[in-house]
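Colleague: Next comes the structure file run11.txt, holding compact mmCIF, C-alpha atoms and all ligand atoms.
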```
# COMPACT_ATOMS: atom_id res chain seq x y z
CA MET V 1 -58.71 32.21 -8.81
CA LYS V 2 -55.42 30.91 -7.48
CA THR V 3 -52.42 30.12 -9.63
CA ILE V 4 -51.25 26.52 -9.26
CA GLU V 5 -47.55 25.82 -9.72
CA ILE V 6 -46.63 22.22 -10.55
CA TYR V 7 -43.25 20.95 -9.37
CA GLY V 8 -42.07 17.53 -10.58
CA PHE V 9 -39.79 15.56 -8.26
CA PRO V 10 -38.49 12.57 -10.26
CA MET V 11 -37.01 10.79 -7.27
CA ASP V 12 -36.67 7.06 -6.66
CA LEU V 13 -33.63 7.13 -4.37
CA GLY V 14 -35.87 6.80 -1.31
CA ALA V 15 -37.28 3.43 -2.38
CA SER V 16 -36.05 -0.05 -3.29
CA ARG V 17 -38.30 -0.67 -6.29
CA ARG V 18 -37.38 1.36 -9.37
CA GLY V 19 -39.82 3.35 -11.47
CA VAL V 20 -41.48 6.02 -9.32
CA ASP V 21 -39.03 8.58 -10.74
CA MET V 22 -41.22 8.35 -13.87
CA GLY V 23 -44.31 9.33 -11.86
CA PRO V 24 -44.20 13.05 -12.75
CA SER V 25 -44.13 12.25 -16.48
CA ALA V 26 -47.01 9.79 -16.15
CA ILE V 27 -49.15 12.28 -14.20
CA ARG V 28 -48.44 15.06 -16.73
CA LEU V 29 -49.28 12.66 -19.57
CA ALA V 30 -52.59 11.91 -17.87
CA GLY V 31 -53.59 15.51 -18.53
CA LEU V 32 -53.19 17.10 -15.10
CA GLN V 33 -52.59 20.66 -16.32
CA LYS V 34 -55.64 20.67 -18.62
CA GLN V 35 -57.90 19.22 -15.91
CA LEU V 36 -56.88 21.99 -13.52
CA GLU V 37 -57.24 24.68 -16.21
CA ASP V 38 -60.74 23.34 -16.90
CA LEU V 39 -61.55 24.14 -13.25
CA GLY V 40 -60.59 27.75 -13.95
CA PHE V 41 -57.12 27.81 -12.45
CA ASN V 42 -54.11 29.47 -13.98
CA VAL V 43 -51.57 26.61 -14.06
CA ILE V 44 -47.82 26.98 -14.45
CA ASP V 45 -45.74 23.84 -14.83
CA LYS V 46 -42.37 24.70 -13.27
CA GLY V 47 -40.73 21.52 -14.63
CA ASP V 48 -38.71 19.00 -12.65
CA ILE V 49 -36.25 19.38 -9.80
CA ASN V 50 -32.87 18.10 -10.96
CA ILE V 51 -32.08 14.80 -9.20
CA LYS V 52 -29.17 12.43 -9.80
CA THR V 53 -29.99 8.79 -10.60
CA LYS V 54 -28.90 5.69 -8.69
CA GLU V 55 -26.48 4.80 -11.47
CA VAL V 56 -24.14 7.69 -10.62
CA LEU V 57 -24.43 7.50 -6.81
CA THR V 58 -23.19 5.24 -4.03
CA ILE V 59 -24.71 4.37 -0.65
CA SER V 60 -22.59 5.71 2.20
CA ASN V 61 -24.96 4.71 5.03
CA PRO V 62 -27.17 1.61 4.56
CA LYS V 63 -29.57 2.93 7.24
CA LEU V 64 -30.03 6.19 5.27
CA LYS V 65 -29.65 5.20 1.63
CA TYR V 66 -28.71 8.03 -0.76
CA LEU V 67 -29.00 10.56 2.09
CA GLU V 68 -26.74 13.18 0.50
CA GLU V 69 -28.62 13.42 -2.82
CA ILE V 70 -32.03 13.27 -1.11
CA VAL V 71 -31.03 16.15 1.20
CA SER V 72 -29.68 18.12 -1.76
CA ALA V 73 -32.85 17.61 -3.83
CA SER V 74 -35.07 18.32 -0.82
CA ASN V 75 -33.33 21.65 -0.30
CA LYS V 76 -33.94 22.59 -3.93
CA LEU V 77 -37.62 21.68 -3.68
CA ALA V 78 -38.02 23.47 -0.34
CA ILE V 79 -36.70 26.74 -1.77
CA GLN V 80 -39.02 26.49 -4.81
CA VAL V 81 -42.08 25.66 -2.69
CA GLU V 82 -41.41 28.52 -0.30
CA GLU V 83 -41.06 30.94 -3.23
CA SER V 84 -44.30 29.64 -4.71
CA LEU V 85 -46.16 30.33 -1.46
CA SER V 86 -44.57 33.76 -1.11
CA ARG V 87 -46.03 34.56 -4.56
CA ASN V 88 -49.39 33.59 -3.00
CA ASN V 89 -49.61 30.59 -5.35
CA PHE V 90 -50.56 26.98 -4.67
CA PRO V 91 -47.58 24.59 -4.92
CA LEU V 92 -48.58 21.16 -6.26
CA CYS V 93 -45.65 18.75 -6.02
CA ILE V 94 -45.78 15.49 -7.98
CA GLY V 95 -43.45 12.58 -7.22
CA GLY V 96 -41.43 10.59 -7.21
CA ASP V 97 -41.19 8.60 -4.04
CA HIS V 98 -42.65 9.95 -0.81
CA SER V 99 -39.35 11.47 0.34
CA ILE V 100 -40.71 14.40 -1.72
CA ALA V 101 -42.53 15.43 1.47
CA ILE V 102 -39.28 16.20 3.29
CA GLY V 103 -38.46 19.09 0.97
CA SER V 104 -41.95 20.33 0.25
CA ILE V 105 -42.95 20.45 3.93
CA ALA V 106 -39.64 22.16 4.77
CA GLY V 107 -40.45 24.91 2.26
CA ILE V 108 -44.00 25.22 3.57
CA ALA V 109 -42.82 25.33 7.18
CA SER V 110 -40.32 28.05 6.34
CA HIS V 111 -43.07 30.12 4.71
CA CYS V 112 -45.40 29.55 7.68
CA LYS V 113 -42.72 30.54 10.18
CA LYS V 114 -42.07 33.85 8.40
CA GLN V 115 -45.82 34.54 8.15
CA ASN V 116 -46.39 33.47 11.76
CA LYS V 117 -48.77 30.74 10.57
CA LYS V 118 -49.38 27.35 12.15
CA LEU V 119 -48.96 24.34 9.86
CA GLY V 120 -51.20 21.27 9.85
CA ILE V 121 -50.58 18.14 7.77
CA ILE V 122 -53.03 15.51 6.49
CA TRP V 123 -50.92 12.46 5.57
CA VAL V 124 -52.81 9.86 3.53
CA ASP V 125 -50.82 6.65 3.13
CA ALA V 126 -50.89 2.84 3.42
CA HIS V 127 -47.72 3.22 5.49
CA ALA V 128 -46.93 5.47 8.42
CA ASP V 129 -43.62 6.84 7.04
CA MET V 130 -42.60 7.21 10.67
CA ASN V 131 -39.32 5.31 10.58
CA THR V 132 -35.98 6.78 11.53
CA ASP V 133 -32.45 5.54 10.82
CA GLU V 134 -32.74 3.68 14.14
CA THR V 135 -36.01 1.87 13.39
CA THR V 136 -35.90 1.32 9.61
CA PRO V 137 -35.75 -2.29 8.38
CA SER V 138 -34.74 -1.18 4.85
CA GLY V 139 -32.79 2.09 5.10
CA ASN V 140 -35.23 3.57 2.56
CA ILE V 141 -35.77 7.28 3.23
CA HIS V 142 -39.26 7.32 1.66
CA GLY V 143 -40.38 5.66 4.91
CA MET V 144 -39.02 8.55 7.00
CA GLY V 145 -40.77 11.64 5.59
CA PHE V 146 -43.43 12.05 8.23
CA SER V 147 -41.10 11.37 11.17
CA ALA V 148 -38.51 13.81 9.77
CA SER V 149 -41.21 16.49 9.40
CA LEU V 150 -42.20 15.95 13.02
CA GLY V 151 -38.63 16.25 14.26
CA LEU V 152 -37.54 12.62 14.67
CA GLY V 153 -34.47 10.90 13.30
CA ASP V 154 -31.41 12.08 11.43
CA LYS V 155 -30.86 15.84 11.64
CA ASN V 156 -29.86 16.11 7.97
CA LEU V 157 -33.45 15.16 7.13
CA SER V 158 -35.32 16.84 9.98
CA CYS V 159 -33.48 20.20 9.94
CA ILE V 160 -33.91 21.23 6.28
CA MET V 161 -34.55 25.01 6.12
CA ASN V 162 -33.36 25.09 9.76
CA ILE V 163 -36.81 24.40 11.17
CA ASN V 164 -37.36 21.43 13.43
CA PRO V 165 -40.02 20.18 13.87
CA LYS V 166 -41.91 21.45 10.83
CA ALA V 167 -45.28 20.83 12.49
CA GLU V 168 -46.63 19.65 15.82
CA ALA V 169 -47.99 16.11 15.94
CA LYS V 170 -51.26 17.35 17.46
CA ASN V 171 -51.81 19.35 14.25
CA CYS V 172 -51.31 16.33 11.99
CA ALA V 173 -53.34 13.27 11.05
CA LEU V 174 -52.47 9.97 9.38
CA ILE V 175 -55.26 8.45 7.29
CA GLY V 176 -55.55 5.09 5.51
CA VAL V 177 -52.61 3.33 7.16
CA ARG V 178 -52.53 -0.49 7.14
CA SER V 179 -48.84 -1.43 7.21
CA ILE V 180 -46.65 -0.31 10.12
CA ASP V 181 -43.18 -1.69 10.86
CA VAL V 182 -42.65 -3.18 14.33
CA MET V 183 -40.17 -0.58 15.60
CA GLU V 184 -41.90 2.25 13.75
CA ARG V 185 -44.97 1.76 15.94
CA SER V 186 -43.23 3.27 18.98
CA ASN V 187 -42.47 6.48 17.04
CA LEU V 188 -46.17 6.80 16.24
CA THR V 189 -47.34 6.30 19.80
CA SER V 190 -44.62 8.49 21.36
CA LEU V 191 -45.79 11.52 19.35
CA GLY V 192 -49.49 10.97 20.00
CA LEU V 193 -50.37 11.46 16.35
CA HIS V 194 -54.05 11.24 15.30
CA VAL V 195 -54.22 7.94 13.42
CA PHE V 196 -57.20 6.81 11.35
CA SER V 197 -56.19 3.40 10.02
CA MET V 198 -58.22 1.38 7.53
CA HIS V 199 -59.81 -0.23 10.60
CA GLU V 200 -61.38 3.09 11.63
CA ILE V 201 -62.28 3.92 8.02
CA ASP V 202 -64.02 0.54 7.60
CA LYS V 203 -65.94 1.05 10.85
CA LEU V 204 -66.81 4.75 10.60
CA GLY V 205 -66.60 5.50 6.88
CA ILE V 206 -64.27 7.94 5.15
CA TYR V 207 -66.70 10.88 5.35
CA PRO V 208 -66.84 11.13 9.17
CA VAL V 209 -63.08 10.54 9.39
CA ILE V 210 -62.00 13.30 7.00
CA SER V 211 -64.70 15.65 8.29
CA LYS V 212 -63.41 15.24 11.85
CA VAL V 213 -59.79 15.77 10.80
CA ILE V 214 -60.61 18.93 8.85
CA LYS V 215 -62.80 20.35 11.60
CA GLU V 216 -60.05 19.89 14.19
CA LEU V 217 -57.26 21.20 11.97
CA LYS V 218 -59.27 24.22 10.85
CA SER V 219 -59.67 25.31 14.46
CA ARG V 220 -55.95 24.92 15.20
CA VAL V 221 -53.88 25.85 12.14
CA ASP V 222 -53.62 28.48 9.38
CA HIS V 223 -52.11 26.36 6.61
CA ILE V 224 -53.25 22.81 5.77
CA HIS V 225 -50.94 20.66 3.65
CA LEU V 226 -52.02 17.38 2.06
CA SER V 227 -49.39 14.69 1.58
CA PHE V 228 -51.01 11.94 -0.46
CA ASP V 229 -49.28 8.64 -1.15
CA ALA V 230 -50.99 6.88 -4.07
CA ASP V 231 -50.53 3.56 -2.26
CA ALA V 232 -53.30 4.65 0.14
CA ILE V 233 -55.68 3.61 -2.64
CA ASP V 234 -56.44 -0.08 -2.98
CA PRO V 235 -54.06 -1.80 -5.47
CA GLU V 236 -57.02 -3.13 -7.46
CA THR V 237 -57.85 0.48 -8.29
CA ALA V 238 -54.30 1.87 -8.25
CA PRO V 239 -51.90 -0.93 -9.22
CA GLY V 240 -49.08 1.36 -10.32
CA VAL V 241 -47.66 2.40 -6.96
CA GLY V 242 -44.30 2.00 -5.26
CA THR V 243 -45.35 -0.33 -2.45
CA PRO V 244 -48.85 -1.83 -2.94
CA VAL V 245 -50.71 -3.08 0.15
CA ASN V 246 -54.13 -4.78 -0.02
CA GLY V 247 -57.17 -3.38 1.75
CA GLY V 248 -56.93 0.27 0.77
CA LEU V 249 -59.28 3.12 -0.09
CA SER V 250 -61.77 2.40 -2.86
CA TYR V 251 -62.09 4.58 -5.96
CA ARG V 252 -65.00 6.52 -4.49
CA GLU V 253 -63.53 6.71 -0.96
CA SER V 254 -60.39 8.28 -2.44
CA HIS V 255 -62.37 10.80 -4.45
CA LEU V 256 -64.77 11.58 -1.59
CA LEU V 257 -61.79 12.27 0.69
CA MET V 258 -60.51 14.76 -1.89
CA GLU V 259 -63.94 16.27 -2.52
CA ILE V 260 -64.49 16.92 1.20
CA ILE V 261 -61.06 18.55 1.41
CA ALA V 262 -62.03 20.75 -1.55
CA GLU V 263 -65.36 21.66 0.07
CA SER V 264 -63.56 22.75 3.23
CA GLY V 265 -61.77 25.41 1.17
CA CYS V 266 -58.74 25.30 3.46
CA LEU V 267 -56.12 23.40 1.45
CA SER V 268 -53.00 25.49 0.82
CA SER V 269 -50.49 23.03 -0.67
CA MET V 270 -50.22 19.40 -1.73
CA GLU V 271 -47.99 16.61 -2.93
CA ILE V 272 -48.86 13.30 -4.53
CA ALA V 273 -46.24 10.57 -4.39
CA GLU V 274 -45.35 7.03 -5.39
CA VAL V 275 -47.02 6.62 -8.79
CA ASN V 276 -45.03 3.88 -10.55
CA PRO V 277 -45.76 3.60 -14.29
CA ILE V 278 -43.50 0.52 -14.62
CA ILE V 279 -45.99 -1.75 -12.81
CA ASP V 280 -49.16 0.10 -13.87
CA ASN V 281 -51.85 -1.08 -16.29
CA GLY V 282 -51.41 1.38 -19.11
CA ASN V 283 -51.42 4.72 -17.32
CA GLN V 284 -54.41 3.86 -15.10
CA THR V 285 -52.93 4.98 -11.78
CA ALA V 286 -51.58 8.31 -13.03
CA GLU V 287 -54.96 9.00 -14.66
CA LEU V 288 -56.72 8.25 -11.38
CA VAL V 289 -54.28 10.41 -9.41
CA SER V 290 -54.63 13.26 -11.86
CA LYS V 291 -58.41 13.17 -11.47
CA MET V 292 -58.07 12.93 -7.69
CA ILE V 293 -55.92 16.06 -7.66
CA ALA V 294 -58.70 17.79 -9.61
CA SER V 295 -61.22 16.53 -7.02
CA SER V 296 -59.13 18.00 -4.20
CA LEU V 297 -59.17 21.35 -5.99
CA GLY V 298 -62.87 21.52 -6.71
CA LEU V 299 -63.86 19.03 -9.44
CA LYS V 300 -67.42 17.90 -8.69
CA ILE V 301 -69.55 15.11 -10.11
CA TYR V 302 -72.47 17.52 -10.23
MN MN F 401 -45.67 7.16 1.94
```
Please rewrite the model in this file as structure tokens.
Modeller:
Amino acid sequence: MKTIEIYGFPMDLGASRRGVDMGPSAIRLAGLQKQLEDLGFNVIDKGDINIKTKEVLTISNPKLKYLEEIVSASNKLAIQVEESLSRNNFPLCIGGDHSIAIGSIAGIASHCKKQNKKLGIIWVDAHADMNTDETTPSGNIHGMGFSASLGLGDKNLSCIMNINPKAEAKNCALIGVRSIDVMERSNLTSLGLHVFSMHEIDKLGIYPVISKVIKELKSRVDHIHLSFDADAIDPETAPGVGTPVNGGLSYRESHLLMEIIAESGCLSSMEIAEVNPIIDNGNQTAELVSKMIASSLGLKIY
């Protein structure tokens, strides 16, 4: 059985709303480690990456807010994630805002490059996270993680670990999207990314969608990474997220997505982002996310 290494990334510099920096604590409190141990895994919690808070920082570029600290923290996470993979372990990164993906995917890409492996990414999110400093309406870097990983935008973000792009768009899929900024749209179409919005999920169902994505990725890549933004889930089920958008995945759709990924047996790394305990009901969203992580790693109803 694999060893899972948990890395906390208490980051909220990438977002406007405060509180997602408490996500790692909330997910730990929900019993993540025990749930994974109950599945038979050896679990090592590697603690949190050290990240400065907004109170001690200033914004030097309003189109790339807190760029310097986000790049610094991303580098730290990238090195840890790469080391985890080189130990043949499974890095599980818990956020924090979705800028967590910039560092984790950089570390994964560096590992894959050295091992001559192709990287594929399944990005599950209400948003596309395909903005750049030129298209962003807010300057928030949590909306730039996917584009940076695919080689677009500011080089400080896209060239971490000196690999750019981290993955090819044809080896990536975006699932669950329902809120795309006007200028961001052109970045999506220019790369030819596989997009399965809530429209396709409503029409086809989540099972055919995730099955198709996995089948295609399995035939093309050697390492599949899951980048899961908790706001992909409907806010009625997951109210404690950074940027809630109506019309998301239901409780069972979210779990089924994870269960099918687990059944495929091809997941090699994961991050979960944007849990915000400040606007949650109790710890409902972190508890859901913790159980979903277990589903993605083999928890079955029966
Ligand atoms: Mn996101």
Colleague: Could you give me the residues within 12 Å of ligand MN 401 (chain F), counting all atoms listed in the file, as a PyMOL selection string?
Modeller: chain V and resi 14-15+95-102+123-131+140-147+174-180+227-233+241-245+271-275
Colleague: My list of candidates is V:Ile51, V:Leu152, V:Arg87, V:Gly282. Which is closest to Ser186 of chain V when distances are computed with only C-alpha atoms?
Modeller: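 Counting only C-alpha atoms, the residue closest to Ser186 of chain V is V:Leu152.
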Colleague: Quote the spacing between atom CA of Ile293 of chain V and atom CA of Asn281 of chain V in Å to one decimal place.
Modeller: 19.6 Å
Colleague: Set the distance at 8 Å and use only C-alpha atoms: which residues neighbour His255 of chain V once local chain neighbours fewer than 2 positions away are removed? I'd like the list as a ChimeraX atom specification.
Modeller: /V:251-253,257-259,292,295-296
Colleague: Kindly indicate which residue among V:Val221, V:Ile201, V:Thr53, V:Val81 lies nearest to Asn116 of chain V, using all atoms listed in the file for the distances.
Modeller: V:Val221
Colleague: List the spatial neighbours of Lys113 of chain V as a list of chain:residue names - criterion: any atom at most 10 Å away, all atoms listed in the file, same-chain residues fewer than 5 positions off excluded.
Modeller: V:Gly107, V:Ile108, V:Lys118, V:Leu119, V:Ile163, V:Lys166
Colleague: Figure out the distance between atom CA of Asn89 of chain V and atom CA of Asn156 of chain V, please, to one decimal in Å.
Modeller: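 Computed distance, atom CA of Asn156 of chain V to atom CA of Asn89 of chain V, equals 27.9 Å.
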